[in-house]
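This is start-v2.txt. It holds compact mmCIF, C-alpha atoms.
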```txt
# COMPACT_ATOMS: atom_id res chain seq x y z
CA MET X 20 -1.77 -119.90 -51.00
CA ALA X 21 0.80 -117.79 -49.19
CA LYS X 22 -0.49 -114.60 -50.82
CA LEU X 23 -3.98 -115.39 -49.56
CA GLY X 24 -2.62 -115.78 -46.04
CA PHE X 25 -3.37 -119.46 -45.52
CA GLY X 26 -1.27 -120.96 -42.75
CA ALA X 27 -1.73 -124.70 -43.34
CA TYR X 28 -2.18 -127.10 -46.23
CA ARG X 29 -3.40 -130.68 -46.12
CA PHE X 30 -1.95 -132.91 -48.82
CA SER X 31 -1.56 -136.65 -49.36
CA ILE X 32 1.48 -138.80 -49.98
CA SER X 33 1.21 -141.59 -52.54
CA TRP X 34 2.22 -144.97 -51.10
CA SER X 35 3.51 -146.23 -54.47
CA ARG X 36 5.57 -143.08 -54.94
CA ILE X 37 7.56 -144.04 -51.83
CA PHE X 38 7.45 -147.85 -52.20
CA PRO X 39 6.51 -148.73 -55.81
CA ASP X 40 5.79 -152.35 -54.89
CA GLY X 41 4.06 -151.39 -51.65
CA LEU X 42 6.22 -153.84 -49.72
CA GLY X 43 9.00 -151.58 -48.51
CA THR X 44 11.71 -153.57 -50.26
CA GLU X 45 13.13 -150.54 -52.06
CA ILE X 46 12.49 -146.86 -51.48
CA ASN X 47 11.98 -144.54 -54.43
CA GLU X 48 14.39 -141.67 -53.80
CA GLN X 49 12.80 -139.54 -56.52
CA GLY X 50 9.48 -139.81 -54.72
CA VAL X 51 11.08 -138.84 -51.42
CA ALA X 52 12.75 -135.86 -53.12
CA PHE X 53 9.41 -134.73 -54.58
CA TYR X 54 7.78 -134.54 -51.15
CA ASN X 55 10.86 -133.04 -49.52
CA ASN X 56 10.76 -130.21 -52.07
CA LEU X 57 7.03 -129.70 -51.50
CA ILE X 58 7.35 -129.65 -47.71
CA ASP X 59 10.40 -127.39 -47.73
CA PHE X 60 8.69 -124.89 -50.02
CA MET X 61 5.55 -124.87 -47.88
CA ILE X 62 7.57 -124.14 -44.76
CA GLU X 63 9.53 -121.46 -46.59
CA LYS X 64 6.20 -119.77 -47.33
CA GLY X 65 5.01 -120.07 -43.73
CA ILE X 66 2.53 -122.88 -44.43
CA GLN X 67 2.28 -125.81 -42.01
CA PRO X 68 2.15 -129.24 -43.69
CA TYR X 69 -0.61 -131.68 -42.70
CA ALA X 70 0.23 -134.96 -44.43
CA THR X 71 -2.17 -137.80 -45.19
CA LEU X 72 -0.53 -141.19 -45.71
CA TYR X 73 -3.38 -142.88 -47.56
CA HIS X 74 -6.05 -141.23 -49.68
CA TRP X 75 -7.23 -144.33 -51.57
CA ASP X 76 -4.31 -144.87 -54.00
CA LEU X 77 -3.22 -148.41 -53.15
CA PRO X 78 -0.06 -149.80 -54.80
CA HIS X 79 -1.24 -152.17 -57.53
CA ASN X 80 1.14 -154.89 -56.40
CA LEU X 81 -0.57 -155.14 -53.01
CA GLN X 82 -3.95 -155.66 -54.64
CA LYS X 83 -2.57 -158.10 -57.18
CA THR X 84 -0.57 -160.29 -54.80
CA MET X 85 -2.63 -160.28 -51.60
CA GLY X 86 -6.01 -158.71 -52.25
CA GLY X 87 -5.19 -155.27 -50.86
CA TRP X 88 -7.17 -154.31 -47.76
CA LEU X 89 -8.76 -157.77 -47.60
CA SER X 90 -5.47 -159.26 -46.37
CA ASP X 91 -4.23 -158.93 -42.79
CA LYS X 92 -0.69 -158.72 -44.20
CA ILE X 93 -1.39 -155.18 -45.36
CA VAL X 94 -1.28 -153.94 -41.75
CA GLU X 95 2.44 -154.68 -41.54
CA TYR X 96 3.17 -153.15 -44.95
CA PHE X 97 1.26 -149.98 -44.13
CA ALA X 98 3.28 -149.64 -40.92
CA LEU X 99 6.53 -149.97 -42.91
CA TYR X 100 5.34 -147.30 -45.33
CA ALA X 101 4.31 -145.00 -42.48
CA GLU X 102 7.69 -145.50 -40.80
CA ALA X 103 9.50 -144.49 -43.99
CA CYS X 104 7.42 -141.30 -44.21
CA PHE X 105 7.99 -140.45 -40.54
CA ALA X 106 11.74 -141.01 -40.98
CA ASN X 107 12.04 -138.90 -44.13
CA PHE X 108 9.58 -136.08 -43.45
CA GLY X 109 8.80 -136.10 -39.73
CA ASP X 110 11.46 -133.54 -38.84
CA ARG X 111 9.20 -130.98 -40.56
CA VAL X 112 5.73 -132.58 -40.66
CA LYS X 113 4.16 -132.42 -37.19
CA HIS X 114 0.61 -133.38 -38.10
CA TRP X 115 0.01 -136.76 -39.69
CA ILE X 116 -3.18 -138.42 -40.89
CA THR X 117 -2.99 -142.16 -41.43
CA ILE X 118 -6.04 -142.89 -43.58
CA ASN X 119 -8.60 -140.60 -45.17
CA GLU X 120 -12.26 -141.63 -45.00
CA PRO X 121 -11.85 -145.40 -44.62
CA ILE X 122 -15.59 -145.88 -44.99
CA GLN X 123 -15.40 -144.69 -48.59
CA THR X 124 -12.79 -147.30 -49.43
CA CYS X 125 -14.90 -149.98 -47.75
CA ILE X 126 -18.18 -149.06 -49.42
CA ASN X 127 -17.12 -147.81 -52.84
CA ALA X 128 -14.28 -150.27 -53.43
CA TYR X 129 -15.61 -153.40 -51.74
CA ALA X 130 -19.42 -153.09 -51.71
CA VAL X 131 -20.64 -150.77 -54.46
CA GLY X 132 -17.68 -151.20 -56.78
CA ILE X 133 -17.18 -147.67 -58.15
CA PHE X 134 -13.65 -147.28 -56.71
CA ALA X 135 -10.74 -149.64 -57.40
CA PRO X 136 -10.60 -152.63 -57.10
CA GLY X 137 -14.28 -152.44 -58.03
CA LEU X 138 -15.73 -155.30 -56.02
CA CYS X 139 -19.51 -155.35 -55.65
CA LYS X 140 -20.85 -158.05 -53.36
CA GLY X 141 -23.46 -156.14 -51.42
CA VAL X 142 -23.50 -157.02 -47.75
CA ALA X 143 -20.79 -159.69 -47.94
CA ALA X 144 -17.81 -159.65 -45.62
CA GLU X 145 -15.43 -157.71 -47.85
CA PRO X 146 -16.29 -154.10 -46.86
CA PHE X 147 -16.13 -154.94 -43.15
CA LEU X 148 -12.89 -156.88 -43.54
CA ALA X 149 -11.33 -153.97 -45.43
CA GLY X 150 -12.43 -151.60 -42.66
CA HIS X 151 -11.07 -153.95 -39.99
CA HIS X 152 -7.62 -153.94 -41.55
CA GLN X 153 -7.66 -150.16 -42.05
CA ILE X 154 -8.34 -149.67 -38.34
CA LEU X 155 -5.47 -152.00 -37.42
CA ALA X 156 -3.20 -150.34 -40.00
CA HIS X 157 -3.96 -146.94 -38.48
CA ALA X 158 -3.16 -148.25 -35.01
CA ALA X 159 0.06 -149.90 -36.20
CA ALA X 160 1.24 -146.64 -37.77
CA VAL X 161 0.52 -144.67 -34.58
CA ASP X 162 2.33 -147.35 -32.58
CA VAL X 163 5.42 -147.01 -34.79
CA TYR X 164 5.36 -143.23 -34.45
CA ARG X 165 5.05 -143.28 -30.68
CA ARG X 166 7.77 -145.90 -30.21
CA LYS X 167 10.34 -144.57 -32.67
CA PHE X 168 9.68 -140.93 -33.52
CA LYS X 169 7.44 -138.99 -31.13
CA ALA X 170 10.06 -138.28 -28.47
CA LYS X 171 12.32 -136.57 -31.00
CA GLN X 172 9.84 -135.20 -33.53
CA GLY X 173 7.00 -134.23 -31.20
CA GLY X 174 4.23 -134.64 -33.75
CA GLN X 175 0.67 -135.96 -33.66
CA VAL X 176 -1.07 -138.69 -35.65
CA GLY X 177 -4.79 -138.66 -36.36
CA PHE X 178 -7.49 -140.55 -38.24
CA VAL X 179 -9.87 -138.81 -40.68
CA ILE X 180 -13.47 -140.02 -40.59
CA ASP X 181 -16.28 -138.66 -42.74
CA CYS X 182 -19.73 -138.30 -41.30
CA GLU X 183 -22.98 -136.75 -42.45
CA TRP X 184 -25.16 -135.72 -39.54
CA ALA X 185 -28.21 -137.93 -38.99
CA GLU X 186 -31.24 -135.92 -37.85
CA PRO X 187 -34.14 -138.08 -36.60
CA MET X 188 -37.20 -138.04 -38.82
CA SER X 189 -39.52 -137.74 -35.81
CA ASP X 190 -39.64 -137.96 -32.03
CA LYS X 191 -40.57 -141.63 -32.25
CA MET X 192 -38.17 -143.90 -30.39
CA GLU X 193 -37.53 -146.03 -33.48
CA ASP X 194 -36.52 -142.99 -35.56
CA GLN X 195 -34.26 -141.71 -32.79
CA ALA X 196 -32.60 -145.14 -32.65
CA ALA X 197 -32.26 -145.23 -36.43
CA ALA X 198 -30.44 -141.88 -36.44
CA ALA X 199 -28.11 -143.15 -33.72
CA ARG X 200 -27.41 -146.27 -35.81
CA ARG X 201 -26.55 -144.11 -38.80
CA ILE X 202 -23.86 -142.37 -36.75
CA ASP X 203 -22.63 -145.74 -35.45
CA PHE X 204 -22.17 -146.97 -39.01
CA GLN X 205 -20.07 -143.88 -39.80
CA LEU X 206 -18.11 -142.62 -36.78
CA GLY X 207 -18.56 -145.62 -34.52
CA TRP X 208 -17.35 -148.13 -37.08
CA PHE X 209 -13.84 -146.66 -37.02
CA LEU X 210 -13.56 -144.77 -33.74
CA ASP X 211 -15.27 -147.11 -31.25
CA PRO X 212 -12.60 -149.83 -31.63
CA ILE X 213 -9.87 -147.30 -30.82
CA TYR X 214 -11.68 -145.71 -27.88
CA PHE X 215 -13.68 -148.65 -26.54
CA GLY X 216 -12.07 -151.80 -27.96
CA ASP X 217 -14.88 -153.01 -30.23
CA TYR X 218 -17.43 -152.09 -32.86
CA PRO X 219 -20.75 -150.52 -31.81
CA GLU X 220 -23.31 -153.04 -30.60
CA SER X 221 -25.72 -151.84 -33.29
CA MET X 222 -23.23 -153.03 -35.90
CA ARG X 223 -22.62 -156.35 -34.16
CA GLN X 224 -26.38 -156.99 -34.08
CA ARG X 225 -27.00 -156.19 -37.74
CA VAL X 226 -23.82 -157.25 -39.51
CA GLY X 227 -23.43 -160.45 -37.52
CA GLU X 228 -20.83 -162.94 -38.71
CA TYR X 229 -19.64 -160.59 -41.45
CA LEU X 230 -18.14 -158.22 -38.86
CA PRO X 231 -14.65 -159.42 -37.84
CA LYS X 232 -13.64 -159.87 -34.22
CA PHE X 233 -10.70 -158.21 -32.49
CA SER X 234 -8.20 -160.32 -30.56
CA GLU X 235 -6.77 -159.15 -27.24
CA LYS X 236 -3.56 -158.36 -29.12
CA ASP X 237 -5.56 -156.20 -31.53
CA ARG X 238 -7.23 -154.37 -28.66
CA GLU X 239 -3.90 -153.65 -27.04
CA LEU X 240 -2.56 -152.32 -30.33
CA MET X 241 -5.61 -150.08 -30.89
CA ARG X 242 -6.05 -148.73 -27.37
CA ASN X 243 -5.98 -144.90 -27.45
CA LYS X 244 -3.94 -144.90 -30.66
CA ILE X 245 -5.13 -141.50 -31.80
CA ASP X 246 -3.96 -137.95 -31.12
CA PHE X 247 -6.73 -136.12 -32.94
CA ILE X 248 -9.87 -136.80 -34.93
CA GLY X 249 -10.11 -135.36 -38.42
CA LEU X 250 -13.73 -134.75 -39.41
CA ASN X 251 -14.77 -134.58 -43.05
CA HIS X 252 -18.31 -133.22 -43.11
CA TYR X 253 -20.41 -131.95 -45.98
CA THR X 254 -24.08 -132.55 -45.41
CA THR X 255 -26.97 -133.81 -43.26
CA ARG X 256 -29.78 -136.28 -43.86
CA ILE X 257 -33.11 -136.93 -42.15
CA ILE X 258 -33.11 -140.49 -40.86
CA GLY X 259 -36.02 -142.77 -40.06
CA ASN X 260 -36.37 -146.40 -39.10
CA ARG X 261 -36.71 -149.00 -41.84
CA PRO X 262 -38.26 -152.38 -41.11
CA ASN X 263 -36.21 -155.47 -41.75
CA PRO X 264 -35.55 -155.79 -45.49
CA GLN X 265 -36.57 -158.90 -47.36
CA PRO X 266 -33.66 -161.29 -48.05
CA GLN X 267 -33.63 -160.42 -51.74
CA GLU X 268 -33.30 -156.72 -50.86
CA ILE X 269 -30.33 -157.03 -48.56
CA HIS X 270 -27.43 -154.78 -49.54
CA PHE X 271 -24.70 -152.98 -47.66
CA TYR X 272 -26.82 -149.88 -47.01
CA GLN X 273 -29.93 -151.80 -45.94
CA VAL X 274 -28.06 -153.50 -43.12
CA GLU X 275 -28.34 -150.25 -41.15
CA GLN X 276 -32.14 -150.54 -41.30
CA ILE X 277 -32.60 -146.85 -41.96
CA GLU X 278 -34.50 -144.63 -44.33
CA ARG X 279 -32.61 -141.55 -45.59
CA SER X 280 -34.57 -138.50 -46.67
CA GLU X 281 -33.83 -135.00 -47.90
CA LYS X 282 -37.21 -133.63 -46.82
CA TRP X 283 -39.13 -133.13 -43.62
CA SER X 284 -42.59 -134.64 -43.26
CA SER X 285 -43.98 -131.27 -44.38
CA GLY X 286 -42.24 -131.71 -47.74
CA GLU X 287 -39.74 -128.93 -47.08
CA ALA X 288 -36.17 -129.73 -48.12
CA ILE X 289 -33.60 -129.88 -45.34
CA GLY X 290 -31.32 -127.57 -47.31
CA GLU X 291 -30.41 -126.09 -50.67
CA ARG X 292 -28.60 -128.43 -53.05
CA ALA X 293 -25.09 -127.85 -54.37
CA ALA X 294 -24.07 -129.25 -57.77
CA SER X 295 -23.73 -132.82 -56.50
CA GLU X 296 -26.98 -134.65 -55.90
CA TRP X 297 -25.85 -135.83 -52.46
CA LEU X 298 -24.69 -132.44 -51.15
CA LEU X 299 -27.38 -130.46 -49.36
CA ILE X 300 -26.30 -127.29 -47.57
CA VAL X 301 -27.16 -127.68 -43.88
CA PRO X 302 -24.69 -125.68 -41.74
CA TRP X 303 -26.17 -126.64 -38.37
CA GLY X 304 -25.33 -130.28 -39.05
CA ILE X 305 -21.61 -129.78 -38.57
CA ARG X 306 -22.16 -128.24 -35.14
CA LYS X 307 -24.23 -131.23 -34.08
CA THR X 308 -21.65 -133.66 -35.46
CA ILE X 309 -18.79 -131.98 -33.60
CA ASN X 310 -20.76 -131.87 -30.35
CA TYR X 311 -21.59 -135.57 -30.74
CA ILE X 312 -17.87 -136.36 -31.06
CA VAL X 313 -17.10 -134.22 -28.02
CA LYS X 314 -19.64 -136.05 -25.88
CA LYS X 315 -18.94 -139.61 -27.00
CA TYR X 316 -15.15 -139.51 -27.37
CA GLU X 317 -14.19 -137.46 -24.31
CA ASN X 318 -13.63 -134.08 -25.95
CA PRO X 319 -10.75 -134.98 -28.28
CA ILE X 320 -8.69 -132.59 -30.36
CA ILE X 321 -10.64 -132.11 -33.60
CA TYR X 322 -9.67 -130.75 -36.98
CA VAL X 323 -12.31 -130.17 -39.64
CA THR X 324 -10.26 -131.72 -42.41
CA GLU X 325 -12.77 -131.34 -45.26
CA ASN X 326 -15.79 -129.12 -45.76
CA GLY X 327 -17.00 -127.50 -48.94
CA MET X 328 -19.41 -127.49 -51.88
CA ASP X 329 -19.20 -127.86 -55.62
CA ASP X 330 -20.31 -126.13 -58.81
CA GLU X 331 -21.14 -127.95 -62.02
CA ASP X 332 -18.38 -127.50 -64.58
CA ASP X 333 -19.47 -125.93 -67.85
CA PRO X 334 -16.63 -125.65 -70.40
CA SER X 335 -18.63 -123.09 -72.39
CA ALA X 336 -19.25 -120.77 -69.43
CA PRO X 337 -17.13 -117.62 -68.96
CA VAL X 338 -14.50 -117.76 -66.21
CA ASP X 339 -16.16 -114.88 -64.36
CA GLN X 340 -19.21 -117.06 -63.76
CA PHE X 341 -17.07 -119.38 -61.63
CA LEU X 342 -15.03 -116.65 -59.95
CA ASN X 343 -18.12 -114.93 -58.55
CA ASP X 344 -19.08 -117.90 -56.35
CA THR X 345 -21.46 -116.14 -53.97
CA LYS X 346 -23.21 -119.39 -53.11
CA ARG X 347 -19.93 -120.89 -51.90
CA VAL X 348 -19.11 -117.77 -49.87
CA ASN X 349 -22.45 -118.11 -48.10
CA PHE X 350 -21.81 -121.84 -47.63
CA PHE X 351 -18.54 -121.15 -45.82
CA LYS X 352 -20.03 -118.34 -43.77
CA GLY X 353 -22.67 -120.74 -42.53
CA TYR X 354 -20.43 -123.72 -41.88
CA VAL X 355 -17.48 -121.83 -40.39
CA GLY X 356 -19.99 -120.02 -38.19
CA ALA X 357 -21.41 -123.36 -37.03
CA VAL X 358 -17.89 -124.58 -36.20
CA ALA X 359 -17.36 -121.39 -34.20
CA GLN X 360 -20.57 -122.16 -32.31
CA ALA X 361 -19.29 -125.67 -31.54
CA ILE X 362 -16.11 -124.15 -30.14
CA LYS X 363 -18.23 -121.91 -27.91
CA ASP X 364 -20.07 -125.06 -26.84
CA GLY X 365 -16.75 -126.43 -25.60
CA ALA X 366 -15.30 -128.35 -28.55
CA ASP X 367 -11.51 -128.39 -28.92
CA VAL X 368 -11.40 -127.61 -32.64
CA ARG X 369 -7.85 -126.69 -33.66
CA GLY X 370 -8.25 -126.07 -37.39
CA TYR X 371 -10.48 -126.00 -40.46
CA PHE X 372 -9.58 -127.07 -44.01
CA ALA X 373 -11.83 -126.11 -46.91
CA TRP X 374 -12.31 -128.69 -49.64
CA SER X 375 -10.73 -127.87 -51.83
CA PHE X 376 -8.05 -125.27 -52.38
CA VAL X 377 -8.09 -125.66 -56.17
CA ASP X 378 -10.57 -127.28 -58.51
CA ASN X 379 -9.55 -130.91 -58.51
CA PHE X 380 -10.13 -134.38 -59.93
CA GLU X 381 -12.95 -135.94 -57.92
CA TRP X 382 -12.74 -139.73 -57.57
CA ALA X 383 -16.23 -140.56 -58.82
CA MET X 384 -16.91 -137.44 -60.89
CA GLY X 385 -13.59 -136.50 -62.51
CA PHE X 386 -13.43 -132.87 -63.62
CA THR X 387 -17.20 -132.48 -63.95
CA LYS X 388 -17.49 -130.80 -60.53
CA ARG X 389 -15.54 -127.83 -59.16
CA PHE X 390 -15.01 -127.78 -55.39
CA GLY X 391 -12.10 -125.34 -55.38
CA ILE X 392 -11.93 -121.88 -53.91
CA VAL X 393 -9.33 -121.26 -56.61
CA TYR X 394 -10.41 -121.72 -60.22
CA VAL X 395 -8.24 -123.90 -62.47
CA ASP X 396 -8.41 -123.10 -66.17
CA TYR X 397 -8.10 -126.54 -67.76
CA LYS X 398 -7.93 -125.06 -71.27
CA ASN X 399 -5.12 -122.56 -70.65
CA GLY X 400 -2.17 -124.21 -68.97
CA LEU X 401 -3.96 -124.92 -65.68
CA SER X 402 -3.67 -121.26 -64.68
CA ARG X 403 -5.10 -120.42 -61.25
CA HIS X 404 -7.55 -117.65 -60.41
CA PRO X 405 -8.82 -117.04 -56.84
CA LYS X 406 -12.59 -117.10 -56.59
CA ALA X 407 -14.62 -114.79 -54.38
CA SER X 408 -14.63 -117.55 -51.74
CA ALA X 409 -10.81 -117.52 -51.60
CA MET X 410 -10.85 -113.77 -51.11
CA TRP X 411 -13.50 -114.16 -48.40
CA PHE X 412 -11.28 -116.61 -46.53
CA SER X 413 -8.33 -114.25 -46.88
CA ARG X 414 -10.30 -111.36 -45.39
CA PHE X 415 -11.72 -113.61 -42.70
CA LEU X 416 -8.26 -114.76 -41.60
CA ASN X 417 -7.00 -111.19 -41.53
CA GLY X 418 -10.15 -109.74 -39.95
CA GLU X 419 -10.13 -107.00 -42.57
CA ALA X 420 -13.81 -106.66 -43.43
CA ALA X 421 -17.15 -106.92 -41.69
CA ASP X 422 -18.55 -109.14 -44.42
CA SER X 423 -15.80 -111.68 -43.72
CA LYS X 424 -17.36 -112.67 -40.41
CA PRO X 425 -18.98 -116.12 -40.38
CA ASP X 426 -22.68 -116.41 -39.65
CA THR X 427 -23.05 -117.42 -35.99
CA ASN X 428 -26.76 -116.68 -35.66
```
structure tokens encoding of this file:
Amino acid sequence: MAKLGFGAYRFSISWSRIFPDGLGTEINEQGVAFYNNLIDFMIEKGIQPYATLYHWDLPHNLQKTMGGWLSDKIVEYFALYAEACFANFGDRVKHWITINEPIQTCINAYAVGIFAPGLCKGVAAEPFLAGHHQILAHAAAVDVYRRKFKAKQGGQVGFVIDCEWAEPMSDKMEDQAAAARRIDFQLGWFLDPIYFGDYPESMRQRVGEYLPKFSEKDRELMRNKIDFIGLNHYTTRIIGNRPNPQPQEIHFYQVEQIERSEKWSSGEAIGERAASEWLLIVPWGIRKTINYIVKKYENPIIYVTENGMDDEDDPSAPVDQFLNDTKRVNFFKGYVGAVAQAIKDGADVRGYFAWSFVDNFEWAMGFTKRFGIVYVDYKNGLSRHPKASAMWFSRFLNGEAADSKPDTN
């Protein structure tokens, strides 16, 4: 990473590595030492640490004893965990992220059931209750930092939200409204309570009694409890209006009353597909997403905290096939160029993190997909080999070659 000239690295801390029981009753000094060594070595190499407190690995004890994110007690325990991290690492870590992509925990863990704890109850209250407590946990962690640490440590605490851009299917009013709803159910779900004190009205109307209510105490806790927005963005979808579903059809996704499409009415695809079925390459979507955030949330500090594409793993393929990742180079040229355009539009974007630095274990796909700009040889001691995309980033950061410039056309 240092040899390539990268100046920042975003990593996550495991809650159970700090507090094995999740409750804060006893700190694991070996876990603290592990992260101290990591942070110290990063700084020694000139790499700024950006630390995420929660990237979906909940201590088992919290799920077993109180139902995890379904319990309001978890807000207090998350704040205790955050405080321990601030106290042990905050003298060197100046950029904190509380929770990564809370919507994925809500949907995949409490509605679809493909992430732990694997609940699958469709449109029932669980996903919205889990989201409610994650918002309050984020706010409680920021509150602890501002009261106890900010004056001395001088850091910032943000919230990472993932959002695919929603492009209206047509100029019809109902399709325009459907696209706006799609954004509400992504960004608005988690940011509106912090900025405006409540969920978007489109969610209140459609989710009804399943959507929890905030007390005045909650609103006071949440108010402006964010220093920056982290945006995870990969793709764009064409969105149209969907009439009210029949009762037997109701599921979490149908509550939005939208139709998602990959193709325009002409039949033309919105973008080329990466290895994953859901990932279509649409660079202009990230510019529109950033500009939406700028307009709605009063031009906040923004970091693009994830953006990238994957290749299908093929154990029989030669390594060179993965190292020459021209498609990924073009992906980054397009998306980094679109971010540059958003900055020219007036967005306060402070940084960009590619997903991912190395080929990694994907939550729902394991090692079957390779997102890394550095190849990991799983058969030969996990040796690392920079791909063409890593070398492109290195040249881009150093301004060494004309072909390293992002596409801003």
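The nearest approach to Ile66 in chain X among the residues X:Tyr214, X:Tyr28, X:Phe415, X:Trp34, with all atoms listed in the file taken into account, belongs to X:Tyr28.
Remark: for Ala160 in chain X, the closest of the candidate residues X:Ile46, X:Leu148, X:Ile122, X:Ile93 is X:Ile93 (distances computed over only C-alpha atoms).
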Centre, edges in Å (one decimal): axis-aligned box, range 331-341 of chain X, 3 Å padding on all six sides, as JSON:
```
{"center_x": -17.8, "center_y": -121.4, "center_z": -67.0, "size_x": 12.6, "size_y": 19.1, "size_z": 16.8}
```
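Here CA of Gly24 in chain X and CA of Phe178 in chain X stand 26.4 Å from one another.
If all atoms listed in the file are the atoms counted, then among X:Val348, X:Leu250, X:Ile37, X:Ala103 the closest residue to Phe372 in chain X is X:Leu250.
In this comparison, which uses only C-alpha atoms, the residue of X:Tyr394, X:Phe247, X:Tyr253, X:Tyr73 approaching Phe97 in chain X most closely is X:Tyr73.
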>> If I take CA of Pro121 in chain X and CA of Val51 in chain X, how far is one from the other in Å, to one decimal?
In response: 24.8 Å
> Rounded to one decimal in Å, what is the spacing between CA of Gly353 in chain X and CA of Ile392 in chain X?
Replying inline: 15.7 Å
> Within 12 Å of Ser284 in chain X, counting all atoms listed in the file, which residues qualify if same-chain residues fewer than 5 places away don't, as a list of chain:residue names?
Replying inline: X:Pro187, X:Met188, X:Ser189, X:Ile257, X:Ile258, X:Gly259, X:Ile289
